[in-house]
Amino acid sequence: VLTKNPNGQPNHFASLSESGVKSGDQVVIADEEWEDMAALNGAKNVTISAIEGKSVTWRGPGSPKNGQNSLLAVHNCDALRISGIKFVANEHIEYCLRFSGRCPAGIIENCHFSDANTSNMMFKDCVSESNRPLILRNSRFVETSNSKCKSAVLFETTPTTPKPGQATSLNRDISVRDCRFEGPYSLATVIFAGSMVNVNLSNNKLFDAKDGILFRKARPEVDMQATISNNTFHSF
């Protein structure tokens with residue numbers, strides 16, 4: 001259980017890092033207002049959710065520490081599940097959630113995202129599996145009046161010059177579906193930059209951005225394989 005006032009209770013912690021999350025743990029946030037910037041690395045079958053019956057807003061500090069750019073950075077986590085949390089960043093925080101490395105079978109659902117400086121959801125060099133994709137679904141992205149957010153979702157890869165036979169950095173087997181993107185976004189609702197294989201964008205509603213979907217100019221080594229289907233675009 002995460003709470004700012006653990007009061008020495010067993011398994012109650014004042015931050016995600018203090019909790020020492022291990023594979024198989026269920027992390028429950030008890031406070032309706034939660035402030036934290038955290039990283040989760042190498043865990044398996046972890047769930048992060050609001051305590052039953054409460055609405056939890058996860059915010060970032062006004063002055064993040066050097067090197068911290070996400071409310072939650074996820075790296076090499078198998079079957080991570082995040083649900084029922086409202087993530088609210090600010091102009092000093094680049095991303096609400098950032099996924100990288102191998103993250104098969106993850107699910108982010110029934111969440112709310114807003115006010116990151118660059119993008120609310122960022123996938124960078126994030127690889128899943130075709131039969132165990134990483135899924136973002138049934139979530140809402142909407143900005144406050146003073147937000148400077150450039151995009152709702154950003155797919156990006158590390159620029160590389162691969163040698164013959166060497167794989168390029170890519171995002172693979174990721175699905176974004178049944179989400180509502182309300183904006184406004186100064187660049188685009190969804191930005192694709194870098195190589196991708198089996199990335200799916202379907203059954204979403206996109207509103208109020210400079211562009212609905214932006215494909216950045218591809219580098220020579222970039223290969224883009226994405227499916228975009230049954231989405232609704234409005235007010236562009």
# chains A, B, ... in the order shown; residues from 1 in each chain; ligands from 1
call {"tool": "residues_around", "arguments": {"residues": "segment 16-26 of chain A", "least_positions_apart": "4", "cutoff": "10 Å", "atoms": "only C-alpha atoms", "output": "list in words"}}
result
Val1, Leu2, Thr3, Asn11, His12, Asp36, Met37, Ala38, Ala39, Leu40, Asn41, Gly42, Ala43, Lys44, Asn45, Val46, Thr47, Ile48, Ser49, Leu72, Cys77, Asp78, Ala79, Leu80 and Arg81 of chain A
call {"tool": "write_last_selection", "arguments": {"atoms": "C-alpha atoms", "output": "mmCIF file, in the first residue's frame"}}
result
data_model
loop_
_atom_site.group_PDB
_atom_site.id
_atom_site.type_symbol
_atom_site.label_atom_id
_atom_site.label_comp_id
_atom_site.auth_asym_id
_atom_site.auth_seq_id
_atom_site.Cartn_x
_atom_site.Cartn_y
_atom_site.Cartn_z
ATOM 1 C CA VAL A 1 0.000 0.000 0.000
ATOM 2 C CA LEU A 2 1.310 3.456 -0.928
ATOM 3 C CA THR A 3 0.405 6.348 1.352
ATOM 4 C CA ASN A 11 3.588 -3.182 3.898
ATOM 5 C CA HIS A 12 2.735 0.548 3.850
ATOM 6 C CA ASP A 36 5.752 10.671 -6.881
ATOM 7 C CA MET A 37 8.259 10.096 -9.668
ATOM 8 C CA ALA A 38 9.305 6.484 -9.871
ATOM 9 C CA ALA A 39 10.890 3.765 -11.987
ATOM 10 C CA LEU A 40 10.028 0.102 -12.302
ATOM 11 C CA ASN A 41 12.687 -2.168 -13.758
ATOM 12 C CA GLY A 42 12.683 -5.914 -14.396
ATOM 13 C CA ALA A 43 9.508 -6.773 -12.491
ATOM 14 C CA LYS A 44 6.995 -9.404 -13.594
ATOM 15 C CA ASN A 45 3.250 -9.730 -12.945
ATOM 16 C CA VAL A 46 2.981 -6.489 -10.973
ATOM 17 C CA THR A 47 -0.272 -4.527 -10.721
ATOM 18 C CA ILE A 48 -0.582 -0.838 -9.836
ATOM 19 C CA SER A 49 -4.042 0.529 -9.100
ATOM 20 C CA LEU A 72 6.532 6.439 -13.967
ATOM 21 C CA CYS A 77 8.626 -5.415 -17.150
ATOM 22 C CA ASP A 78 6.600 -8.504 -18.094
ATOM 23 C CA ALA A 79 2.805 -8.505 -17.633
ATOM 24 C CA LEU A 80 2.612 -5.176 -15.802
ATOM 25 C CA ARG A 81 -0.950 -3.959 -15.259
#
call {"tool": "select_by_dssp", "arguments": {"residues": "segment 39-223 of chain A", "states": "strand (DSSP E)", "output": "number ranges by chain"}}
result
A: 39-41, 47-50, 56-59, 70-75, 81-83, 85-88, 95-102, 107-109, 112-114, 119-127, 134-137, 140-142, 151-156, 170-177, 180-183, 185-192, 195-202, 205-207, 209-215
call {"tool": "closest_atom_pairs", "arguments": {"of": "segment 53-143 of chain A", "to": "segment 154-159 of chain A", "cutoff": "12 Å", "atoms": "only C-alpha atoms", "output": "CSV"}}
result
residue,atom,partner,partner_atom,distance
A:Glu94,CA,A:Leu154,CA,11.2
A:Tyr95,CA,A:Leu154,CA,9.6
A:Cys96,CA,A:Leu154,CA,11.4
A:Leu97,CA,A:Leu154,CA,10.6
A:Arg98,CA,A:Leu154,CA,9.5
A:Phe99,CA,A:Phe155,CA,9.9
A:Ser100,CA,A:Thr157,CA,9.6
A:Gly101,CA,A:Thr157,CA,10.9
A:Ala116,CA,A:Leu154,CA,11.8
A:Thr118,CA,A:Leu154,CA,8.6
A:Ser119,CA,A:Leu154,CA,6.2
A:Asn120,CA,A:Leu154,CA,8.0
A:Met121,CA,A:Leu154,CA,6.3
A:Met122,CA,A:Leu154,CA,4.8
A:Phe123,CA,A:Phe155,CA,4.9
A:Lys124,CA,A:Glu156,CA,4.9
A:Asp125,CA,A:Thr157,CA,5.1
A:Cys126,CA,A:Thr157,CA,8.4
A:Val127,CA,A:Thr157,CA,10.9
call {"tool": "residues_around", "arguments": {"residues": "Ile174 of chain A", "least_positions_apart": "4", "cutoff": "7 Å", "atoms": "only C-alpha atoms", "output": "number ranges by chain"}}
result
A: 128, 133-135, 198-200
call {"tool": "closest_residue", "arguments": {"among": "A:Gln225, A:Asn138, A:Ser147, A:Ser186", "to": "Asn204 of chain A", "atoms": "only C-alpha atoms"}}
result
A:Asn138
call {"tool": "residues_around", "arguments": {"residues": "Met224 of chain A", "least_positions_apart": "3", "cutoff": "8 Å", "atoms": "only C-alpha atoms", "output": "list in words"}}
result
Gly194, Ser195, Met196 and Val197 of chain A
call {"tool": "residues_around", "arguments": {"residues": "Thr161 of chain A", "least_positions_apart": "5", "cutoff": "12 Å", "atoms": "only C-alpha atoms", "output": "list of chain:residue names"}}
result
A:Gln166, A:Ala167, A:Thr168, A:Ser169, A:Arg219, A:Pro220, A:Glu221, A:Val222
call {"tool": "atom_distance", "arguments": {"atom1": "atom CA of Ser114 of chain A", "atom2": "atom CA of Val142 of chain A"}}
result
5.5 Å
call {"tool": "closest_residue", "arguments": {"among": "A:Gly67, A:Gly183, A:Pro10, A:Gly60", "to": "Lys86 of chain A", "atoms": "only C-alpha atoms"}}
result
A:Gly60
